[in-house]
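entry_37.txt follows; it contains compact mmCIF, C-alpha atoms.
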# COMPACT_ATOMS: atom_id res chain seq x y z
CA MET A 8 -50.49 -99.62 -55.01
CA THR A 9 -50.70 -95.96 -55.92
CA THR A 10 -53.25 -95.31 -53.17
CA ALA A 11 -50.96 -96.81 -50.51
CA VAL A 12 -48.04 -94.61 -51.56
CA GLU A 13 -50.24 -91.49 -51.55
CA ASP A 14 -51.59 -92.33 -48.06
CA SER A 15 -48.03 -92.83 -46.75
CA THR A 16 -46.91 -89.53 -48.23
CA THR A 17 -49.90 -87.72 -46.76
CA ARG A 18 -49.17 -89.13 -43.30
CA ARG A 19 -45.52 -88.02 -43.47
CA GLU A 20 -46.52 -84.49 -44.46
CA ASP A 21 -49.08 -84.25 -41.66
CA GLU A 22 -46.65 -85.44 -39.01
CA GLU A 23 -44.57 -82.75 -37.35
CA PRO A 24 -40.82 -83.32 -37.64
CA THR A 25 -39.28 -84.58 -34.45
CA GLY A 26 -36.93 -82.22 -32.67
CA ALA A 27 -38.21 -79.12 -34.48
CA PRO A 28 -38.04 -75.97 -32.33
CA THR A 29 -41.32 -74.50 -31.20
CA PRO A 30 -41.69 -70.98 -32.62
CA ARG A 31 -41.74 -68.27 -29.95
CA LYS A 32 -44.05 -65.34 -29.98
CA PRO A 33 -42.22 -62.04 -30.35
CA GLY A 34 -42.18 -60.15 -27.07
CA PRO A 35 -42.76 -56.45 -26.62
CA ALA A 36 -39.92 -54.27 -27.86
CA LYS A 37 -37.72 -52.92 -25.07
CA THR A 38 -37.78 -49.15 -24.79
CA ARG A 39 -34.60 -47.29 -23.86
CA ALA A 40 -34.69 -45.51 -20.54
CA PRO A 41 -34.47 -41.70 -20.59
CA TRP A 42 -30.99 -40.23 -20.38
CA TRP A 43 -31.51 -38.81 -16.88
CA LYS A 44 -32.54 -42.24 -15.57
CA ARG A 45 -29.43 -43.79 -17.13
CA MET A 46 -27.26 -41.10 -15.56
CA TRP A 47 -28.83 -41.67 -12.15
CA ARG A 48 -28.35 -45.43 -12.56
CA ASP A 49 -24.65 -44.96 -13.38
CA ARG A 50 -24.08 -42.07 -10.97
CA THR A 51 -21.22 -43.83 -9.13
CA VAL A 52 -19.25 -44.44 -12.30
CA LEU A 53 -19.89 -40.89 -13.51
CA LEU A 54 -18.67 -39.44 -10.21
CA PHE A 55 -15.42 -41.38 -10.54
CA ALA A 56 -15.03 -40.12 -14.13
CA LEU A 57 -15.84 -36.49 -13.24
CA PRO A 58 -12.28 -35.40 -12.25
CA GLY A 59 -10.80 -36.76 -15.49
CA ILE A 60 -13.56 -35.23 -17.59
CA SER A 61 -13.06 -31.87 -15.86
CA VAL A 62 -9.33 -31.90 -16.62
CA ILE A 63 -9.97 -32.70 -20.29
CA VAL A 64 -12.64 -30.01 -20.64
CA VAL A 65 -10.58 -27.29 -18.95
CA PHE A 66 -7.15 -28.00 -20.41
CA GLN A 67 -8.12 -29.41 -23.82
CA TYR A 68 -11.39 -27.81 -24.92
CA LEU A 69 -11.62 -24.50 -23.07
CA ALA A 70 -7.95 -23.88 -23.81
CA LEU A 71 -8.76 -23.90 -27.54
CA GLY A 72 -10.22 -20.43 -27.08
CA GLY A 73 -6.69 -19.17 -26.47
CA ASN A 74 -5.92 -19.67 -30.15
CA VAL A 75 -7.56 -16.32 -30.75
CA ILE A 76 -4.23 -14.63 -29.93
CA ALA A 77 -2.91 -16.00 -33.25
CA PHE A 78 -4.95 -13.19 -34.84
CA GLN A 79 -3.83 -10.50 -32.39
CA ASP A 80 -0.79 -8.51 -31.44
CA PHE A 81 -1.15 -10.11 -28.05
CA GLN A 82 0.30 -8.37 -25.00
CA PRO A 83 0.02 -10.27 -21.71
CA TYR A 84 -0.49 -7.14 -19.61
CA LEU A 85 -3.41 -6.07 -21.85
CA GLY A 86 -5.08 -9.45 -22.15
CA ILE A 87 -7.10 -10.88 -25.00
CA SER A 88 -9.90 -8.35 -24.79
CA LYS A 89 -7.65 -5.27 -25.20
CA SER A 90 -4.93 -6.58 -27.53
CA LEU A 91 -4.99 -5.27 -31.10
CA TRP A 92 -6.40 -7.45 -33.88
CA VAL A 93 -3.99 -7.96 -36.78
CA GLY A 94 -5.87 -10.59 -38.78
CA PHE A 95 -3.60 -13.00 -40.64
CA GLU A 96 -0.47 -10.91 -40.21
CA ASN A 97 1.04 -13.40 -37.76
CA PHE A 98 0.67 -16.19 -40.32
CA GLN A 99 2.95 -14.44 -42.82
CA ILE A 100 5.93 -16.08 -41.18
CA LEU A 101 4.76 -19.38 -42.69
CA VAL A 102 5.25 -18.11 -46.24
CA ASN A 103 7.83 -15.31 -46.07
CA GLY A 104 10.83 -17.68 -45.85
CA ASP A 105 11.94 -16.89 -42.29
CA PRO A 106 15.21 -18.85 -41.86
CA GLU A 107 14.59 -19.74 -38.21
CA PHE A 108 11.11 -21.05 -38.93
CA LEU A 109 12.26 -23.02 -41.98
CA GLY A 110 15.05 -24.56 -39.92
CA ALA A 111 12.61 -25.60 -37.21
CA LEU A 112 10.27 -27.06 -39.83
CA ARG A 113 13.11 -28.99 -41.49
CA ASN A 114 14.31 -30.45 -38.18
CA THR A 115 10.75 -31.38 -37.24
CA LEU A 116 10.18 -33.25 -40.49
CA ILE A 117 13.51 -35.10 -40.24
CA ILE A 118 12.90 -36.19 -36.65
CA THR A 119 9.32 -37.18 -37.52
CA ALA A 120 10.54 -39.36 -40.39
CA LEU A 121 13.18 -41.02 -38.19
CA GLN A 122 10.70 -41.73 -35.41
CA THR A 123 8.16 -43.12 -37.88
CA VAL A 124 10.73 -45.50 -39.40
CA PHE A 125 12.59 -46.58 -36.25
CA VAL A 126 10.52 -45.74 -33.14
CA PHE A 127 7.03 -46.81 -34.24
CA PRO A 128 7.94 -50.40 -35.31
CA ALA A 129 10.19 -50.97 -32.27
CA PRO A 130 7.41 -51.98 -29.80
CA ILE A 131 5.83 -54.24 -32.44
CA ILE A 132 9.10 -56.10 -32.94
CA LEU A 133 9.74 -56.26 -29.18
CA ALA A 134 6.21 -57.57 -28.53
CA LEU A 135 6.73 -60.34 -31.09
CA ILE A 136 10.01 -61.30 -29.42
CA LEU A 137 8.48 -61.33 -25.93
CA HIS A 138 5.48 -63.30 -27.18
CA SER A 139 7.79 -65.98 -28.56
CA LEU A 140 9.37 -66.63 -25.14
CA VAL A 141 8.27 -70.00 -23.80
CA SER A 142 8.77 -69.29 -20.09
CA ASN A 143 6.17 -66.96 -18.58
CA ARG A 144 8.50 -66.20 -15.67
CA VAL A 145 11.26 -64.97 -17.99
CA ARG A 146 8.74 -62.99 -20.02
CA GLN A 147 7.38 -61.20 -16.95
CA LEU A 148 10.90 -60.41 -15.72
CA VAL A 149 11.92 -58.95 -19.08
CA GLN A 150 8.70 -56.94 -19.31
CA SER A 151 9.20 -55.45 -15.84
CA VAL A 152 12.73 -54.35 -16.70
CA LEU A 153 11.65 -52.83 -20.02
CA TYR A 154 8.75 -50.90 -18.44
CA LEU A 155 10.95 -49.03 -15.95
CA PRO A 156 12.46 -46.33 -18.26
CA HIS A 157 8.97 -45.06 -19.13
CA PHE A 158 8.50 -43.81 -15.56
CA LEU A 159 11.67 -41.71 -15.66
CA SER A 160 11.32 -38.04 -16.59
CA TRP A 161 13.22 -36.66 -19.55
CA VAL A 162 15.44 -34.73 -17.16
CA ILE A 163 16.68 -37.99 -15.67
CA VAL A 164 16.93 -39.73 -19.06
CA VAL A 165 19.04 -36.93 -20.56
CA ALA A 166 21.22 -36.87 -17.44
CA LEU A 167 21.77 -40.64 -17.68
CA PHE A 168 22.82 -40.41 -21.33
CA GLN A 169 25.20 -37.56 -20.47
CA GLN A 170 26.73 -39.61 -17.66
CA VAL A 171 27.31 -42.51 -20.04
CA LEU A 172 28.07 -40.82 -23.38
CA GLY A 173 29.19 -37.33 -22.32
CA GLY A 174 32.72 -35.96 -22.47
CA ALA A 175 33.38 -37.06 -18.88
CA GLY A 176 31.06 -40.07 -19.10
CA LEU A 177 31.71 -43.76 -18.61
CA LEU A 178 32.39 -44.45 -22.28
CA ASN A 179 35.00 -41.72 -22.76
CA ASN A 180 36.64 -42.47 -19.42
CA PHE A 181 37.01 -46.07 -20.53
CA LEU A 182 38.49 -44.98 -23.87
CA ARG A 183 40.99 -42.64 -22.17
CA ALA A 184 42.01 -45.32 -19.70
CA ASN A 185 42.89 -47.62 -22.59
CA GLY A 186 44.79 -44.99 -24.58
CA TRP A 187 42.09 -44.24 -27.18
CA GLU A 188 40.67 -40.92 -28.26
CA PRO A 189 37.34 -39.90 -26.65
CA ILE A 190 34.22 -39.74 -28.81
CA ASP A 191 32.09 -36.60 -28.80
CA ILE A 192 28.47 -37.82 -28.86
CA ILE A 193 26.39 -35.58 -26.62
CA GLY A 194 27.70 -32.34 -28.10
CA ASN A 195 28.05 -33.55 -31.69
CA ALA A 196 25.40 -32.07 -33.97
CA ASP A 197 26.12 -34.70 -36.66
CA VAL A 198 24.83 -37.54 -34.49
CA PHE A 199 22.13 -35.61 -32.66
CA TYR A 200 19.23 -37.12 -34.63
CA ALA A 201 20.49 -40.64 -33.92
CA LEU A 202 20.97 -39.74 -30.25
CA ILE A 203 17.44 -38.48 -29.63
CA THR A 204 15.95 -41.38 -31.61
CA SER A 205 17.84 -43.88 -29.43
CA GLN A 206 16.68 -42.04 -26.32
CA VAL A 207 13.02 -42.34 -27.34
CA ILE A 208 13.43 -46.04 -28.19
CA TRP A 209 15.11 -46.76 -24.84
CA LYS A 210 12.53 -44.84 -22.83
CA ASP A 211 9.19 -45.72 -24.43
CA THR A 212 9.50 -48.96 -26.40
CA GLY A 213 8.96 -51.26 -23.43
CA TRP A 214 5.86 -49.43 -22.26
CA ALA A 215 4.39 -49.29 -25.78
CA THR A 216 4.46 -53.09 -26.02
CA ILE A 217 1.55 -53.41 -23.56
CA LEU A 218 -1.13 -52.91 -26.19
CA PHE A 219 0.52 -55.24 -28.68
CA LEU A 220 1.04 -57.98 -26.10
CA ALA A 221 -2.64 -57.72 -25.15
CA VAL A 222 -3.60 -58.16 -28.81
CA LEU A 223 -1.25 -61.12 -29.19
CA ALA A 224 -2.78 -62.79 -26.14
CA GLY A 225 -6.23 -62.51 -27.73
CA ILE A 226 -5.36 -64.27 -30.99
CA ASP A 227 -7.07 -67.67 -31.24
CA LYS A 228 -4.54 -70.45 -30.58
CA SER A 229 -6.38 -72.78 -32.93
CA LEU A 230 -5.24 -70.61 -35.84
CA TYR A 231 -1.62 -71.42 -35.00
CA GLU A 232 -2.47 -75.10 -34.64
CA ALA A 233 -4.21 -75.14 -38.02
CA ALA A 234 -1.27 -73.35 -39.64
CA ALA A 235 1.17 -75.84 -38.07
CA VAL A 236 -0.90 -78.76 -39.37
CA ASP A 237 -0.70 -77.23 -42.85
CA GLY A 238 3.10 -77.19 -42.54
CA ALA A 239 3.61 -73.49 -41.83
CA THR A 240 6.88 -72.58 -40.16
CA ARG A 241 7.12 -70.13 -37.23
CA LEU A 242 7.92 -67.34 -39.67
CA ARG A 243 4.94 -68.17 -41.89
CA GLN A 244 2.67 -68.35 -38.83
CA MET A 245 3.82 -64.89 -37.79
CA TRP A 246 3.21 -63.53 -41.29
CA HIS A 247 -0.20 -65.13 -41.90
CA VAL A 248 -1.65 -65.31 -38.36
CA THR A 249 0.10 -62.96 -35.93
CA LEU A 250 0.50 -59.84 -38.07
CA PRO A 251 -3.07 -59.98 -39.50
CA GLY A 252 -4.35 -60.24 -35.92
CA MET A 253 -2.31 -57.17 -34.94
CA ARG A 254 -3.18 -55.15 -38.05
CA PRO A 255 -6.23 -53.24 -36.67
CA ILE A 256 -4.38 -51.95 -33.59
CA ILE A 257 -1.28 -51.12 -35.67
CA ILE A 258 -3.34 -49.07 -38.12
CA MET A 259 -5.19 -47.26 -35.35
CA LEU A 260 -1.99 -46.35 -33.47
CA PHE A 261 -0.31 -45.25 -36.69
CA ILE A 262 -3.21 -42.90 -37.47
CA LEU A 263 -3.02 -41.44 -33.97
CA LYS A 264 0.74 -41.09 -34.37
CA LEU A 265 0.20 -39.04 -37.53
CA GLY A 266 -1.95 -36.59 -35.58
CA ASP A 267 0.92 -36.02 -33.16
CA SER A 268 3.67 -36.39 -35.75
CA LEU A 269 4.78 -32.73 -35.67
CA SER A 270 5.20 -32.86 -31.88
CA VAL A 271 8.56 -34.59 -31.53
CA GLY A 272 9.40 -34.11 -27.87
CA PHE A 273 9.64 -30.58 -26.49
CA GLU A 274 11.19 -31.38 -23.12
CA GLN A 275 13.71 -33.85 -24.54
CA LEU A 276 14.98 -31.34 -27.09
CA VAL A 277 14.96 -28.16 -25.02
CA LEU A 278 17.13 -29.88 -22.40
CA GLN A 279 19.83 -30.60 -25.01
CA GLN A 280 19.79 -27.38 -27.05
CA ASP A 281 22.70 -25.85 -25.14
CA ALA A 282 24.89 -28.89 -25.85
CA VAL A 283 24.38 -29.16 -29.64
CA GLY A 284 23.17 -25.70 -30.58
CA ILE A 285 19.85 -24.45 -31.85
CA GLY A 286 20.60 -25.27 -35.49
CA VAL A 287 19.75 -29.01 -35.26
CA SER A 288 17.65 -29.02 -32.08
CA GLN A 289 15.13 -26.29 -32.92
CA VAL A 290 11.75 -27.84 -33.81
CA LEU A 291 8.30 -26.29 -34.04
CA ASP A 292 7.53 -26.83 -30.35
CA THR A 293 10.78 -25.24 -29.18
CA TYR A 294 10.31 -22.49 -31.79
CA VAL A 295 6.95 -21.62 -30.23
CA TYR A 296 8.52 -21.63 -26.75
CA ASN A 297 11.62 -19.62 -27.63
CA ASN A 298 9.73 -16.99 -29.62
CA GLY A 299 6.57 -16.88 -27.55
CA VAL A 300 7.36 -17.41 -23.89
CA VAL A 301 11.00 -16.29 -24.04
CA GLY A 302 10.97 -13.80 -26.93
CA GLY A 303 7.53 -12.30 -26.33
CA TYR A 304 6.19 -12.86 -29.86
CA TRP A 305 3.01 -14.44 -28.61
CA GLY A 306 0.89 -13.96 -31.72
CA VAL A 307 3.42 -15.46 -34.14
CA SER A 308 4.06 -18.43 -31.86
CA ALA A 309 0.34 -19.04 -31.47
CA ALA A 310 -0.10 -18.94 -35.25
CA VAL A 311 2.61 -21.56 -35.74
CA GLY A 312 1.11 -23.76 -33.04
CA LEU A 313 -2.39 -23.42 -34.51
CA VAL A 314 -1.22 -24.40 -37.99
CA LYS A 315 0.69 -27.35 -36.53
CA GLY A 316 -2.47 -28.60 -34.83
CA LEU A 317 -4.56 -28.17 -37.98
CA VAL A 318 -2.00 -30.12 -40.04
CA GLY A 319 -2.16 -32.95 -37.50
CA LEU A 320 -5.96 -32.98 -37.70
CA VAL A 321 -5.89 -33.14 -41.50
CA LEU A 322 -3.39 -36.01 -41.42
CA VAL A 323 -5.61 -38.00 -39.06
CA LEU A 324 -8.71 -37.46 -41.19
CA MET A 325 -6.91 -38.39 -44.39
CA ALA A 326 -5.25 -41.48 -42.91
CA ASN A 327 -8.54 -42.63 -41.42
CA LYS A 328 -10.24 -42.22 -44.81
CA VAL A 329 -7.53 -44.31 -46.47
CA ALA A 330 -7.98 -46.98 -43.79
CA HIS A 331 -11.72 -47.12 -44.58
CA MET A 332 -10.90 -47.53 -48.28
CA PHE A 333 -8.88 -50.65 -47.44
CA GLY A 334 -11.63 -52.11 -45.25
CA GLU A 335 -10.21 -51.14 -41.85
CA GLU A 336 -12.12 -49.34 -39.12
CA GLY A 337 -9.33 -46.89 -38.27
CA VAL A 338 -9.85 -44.54 -35.34
CA TYR A 339 -13.56 -44.01 -35.97
CA LYS A 340 -16.18 -45.36 -38.34
CA ALA A 341 -17.46 -43.27 -41.23

Can you give me the file's structure in the form of structure tokens?
Amino acid sequence: MTTAVEDSTTRREDEEPTGAPTPRKPGPAKTRAPWWKRMWRDRTVLLFALPGISVIVVFQYLALGGNVIAFQDFQPYLGISKSLWVGFENFQILVNGDPEFLGALRNTLIITALQTVFVFPAPIILALILHSLVSNRVRQLVQSVLYLPHFLSWVIVVALFQQVLGGAGLLNNFLRANGWEPIDIIGNADVFYALITSQVIWKDTGWATILFLAVLAGIDKSLYEAAAVDGATRLRQMWHVTLPGMRPIIIMLFILKLGDSLSVGFEQLVLQQDAVGIGVSQVLDTYVYNNGVVGGYWGVSAAVGLVKGLVGLVLVLMANKVAHMFGEEGVYKA
């Protein structure tokens, strides 16, 4: 009896299991082609990218050399090579309590805070609303209408707001026709921050939804089905499925926004300075323009601009590090 069991066990061990995959011999490791061969292989794509790369190199990287005038008493007719070096003298304006500079810094920080709280979440909320529309035809129509303001220049946008909200605009004409007092909005410094924030939301929110809608379209539908089977409402599905799927792109865009946070719209503000006065409309960008290009204080303006760029760089690096600490990739990997 024991011998029969042992023979049966031996036969089962000797037999190969049915359906087992046949092991493959490892092939030779693929070697990467030299860089010049890869460039020649992709020469057509590189030629198409060459104009854009040239613009970036000339106007973004080579232009960085112009920051040297922040350490000079720069005179345009002398040029960089012959202007006097003054070291860090131009940077003293950052610490000596200059009222105009402090006012520009205060306005910049206030506008940055308002745009972070109201402007940045606006496209996220709008994308969620558009994504919830059942009819694709209605969604495409609404998207097309919302995209249009992005293609208007700030000159046209400011003119439109003046035609609607100005002293002789549609709103005040309507109020006068009905016996009411007109409302001063365009020239009122007390509502200027709310005005420029609403202008940015109206102009750029629709266009900014493109990225978020693309992310929403890539979320696996089975996750919503599984959440619905578990009894999750539409609100719970948005909280536990939609927002986690959008989190990486939200974090990345927020980090990039921090890098540009101190640039709050030069053209938009400089077009409206005459209407509300320089007290509430002067920001760091307009300060650099008014004191550098208009006033001729090139070195001081360059110093302010250089510090503004360095602060943006530090904010990006710090925010990206925090994102890595919470397990997110951020803008780049460590």

How far is it from atom CA of A:Pro128 to atom CA of A:Trp209, in Å with one decimal?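 Straight-line distance from atom CA of A:Pro128 to atom CA of A:Trp209 works out to 13.2 Å.
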
Counting all atoms listed in the file, which residues sit no farther than 12 Å from the position (2.1, -64.0, -36.2) in the file's frame? I'd like them as an mmCIF file with C-alpha atoms, in the coordinates of the input.
data_model
loop_
_atom_site.group_PDB
_atom_site.id
_atom_site.type_symbol
_atom_site.label_atom_id
_atom_site.label_comp_id
_atom_site.auth_asym_id
_atom_site.auth_seq_id
_atom_site.Cartn_x
_atom_site.Cartn_y
_atom_site.Cartn_z
ATOM 1 C CA ILE A 131 5.830 -54.240 -32.440
ATOM 2 C CA ILE A 132 9.100 -56.100 -32.940
ATOM 3 C CA ALA A 134 6.210 -57.570 -28.530
ATOM 4 C CA LEU A 135 6.730 -60.340 -31.090
ATOM 5 C CA ILE A 136 10.010 -61.300 -29.420
ATOM 6 C CA HIS A 138 5.480 -63.300 -27.180
ATOM 7 C CA SER A 139 7.790 -65.980 -28.560
ATOM 8 C CA PHE A 219 0.520 -55.240 -28.680
ATOM 9 C CA LEU A 220 1.040 -57.980 -26.100
ATOM 10 C CA VAL A 222 -3.600 -58.160 -28.810
ATOM 11 C CA LEU A 223 -1.250 -61.120 -29.190
ATOM 12 C CA ALA A 224 -2.780 -62.790 -26.140
ATOM 13 C CA GLY A 225 -6.230 -62.510 -27.730
ATOM 14 C CA ILE A 226 -5.360 -64.270 -30.990
ATOM 15 C CA ASP A 227 -7.070 -67.670 -31.240
ATOM 16 C CA LYS A 228 -4.540 -70.450 -30.580
ATOM 17 C CA LEU A 230 -5.240 -70.610 -35.840
ATOM 18 C CA TYR A 231 -1.620 -71.420 -35.000
ATOM 19 C CA ALA A 234 -1.270 -73.350 -39.640
ATOM 20 C CA ALA A 239 3.610 -73.490 -41.830
ATOM 21 C CA THR A 240 6.880 -72.580 -40.160
ATOM 22 C CA ARG A 241 7.120 -70.130 -37.230
ATOM 23 C CA LEU A 242 7.920 -67.340 -39.670
ATOM 24 C CA ARG A 243 4.940 -68.170 -41.890
ATOM 25 C CA GLN A 244 2.670 -68.350 -38.830
ATOM 26 C CA MET A 245 3.820 -64.890 -37.790
ATOM 27 C CA TRP A 246 3.210 -63.530 -41.290
ATOM 28 C CA HIS A 247 -0.200 -65.130 -41.900
ATOM 29 C CA VAL A 248 -1.650 -65.310 -38.360
ATOM 30 C CA THR A 249 0.100 -62.960 -35.930
ATOM 31 C CA LEU A 250 0.500 -59.840 -38.070
ATOM 32 C CA PRO A 251 -3.070 -59.980 -39.500
ATOM 33 C CA GLY A 252 -4.350 -60.240 -35.920
ATOM 34 C CA MET A 253 -2.310 -57.170 -34.940
ATOM 35 C CA ARG A 254 -3.180 -55.150 -38.050
#

Which polymer residues have any atom within 9 Å of an atom of A:Leu313, counting all atoms listed in the file, with same-chain residues fewer than 4 positions away left out, as a PyMOL selection string?
chain A and resi 74+77+308-309+317-318

Just write the chosen residues, C-alpha atoms, as a PDB file, in the coordinates of the input.
ATOM      1  CA  ASN A  74      -5.920 -19.670 -30.150  1.00  0.00           C
ATOM      2  CA  ALA A  77      -2.910 -16.000 -33.250  1.00  0.00           C
ATOM      3  CA  SER A 308       4.060 -18.430 -31.860  1.00  0.00           C
ATOM      4  CA  ALA A 309       0.340 -19.040 -31.470  1.00  0.00           C
ATOM      5  CA  LEU A 317      -4.560 -28.170 -37.980  1.00  0.00           C
ATOM      6  CA  VAL A 318      -2.000 -30.120 -40.040  1.00  0.00           C
TER       7      VAL A 318
END

Min atom-atom distance to A:Val323 from the set A:Val75, A:Met259, A:Val198, A:Ile193, counting only C-alpha atoms, belongs to A:Met259

Excluding stretch 285-293 of chain A and any residue of its chain fewer than 5 positions from it, enumerate the residues within 9 Å of it, using all atoms listed in the file, and give them as a VMD selection string.
chain A and resid 107 to 108 110 to 116 118 196 to 197 199 to 200 269 to 274 276 to 277 279 to 280 298 311 to 312 315
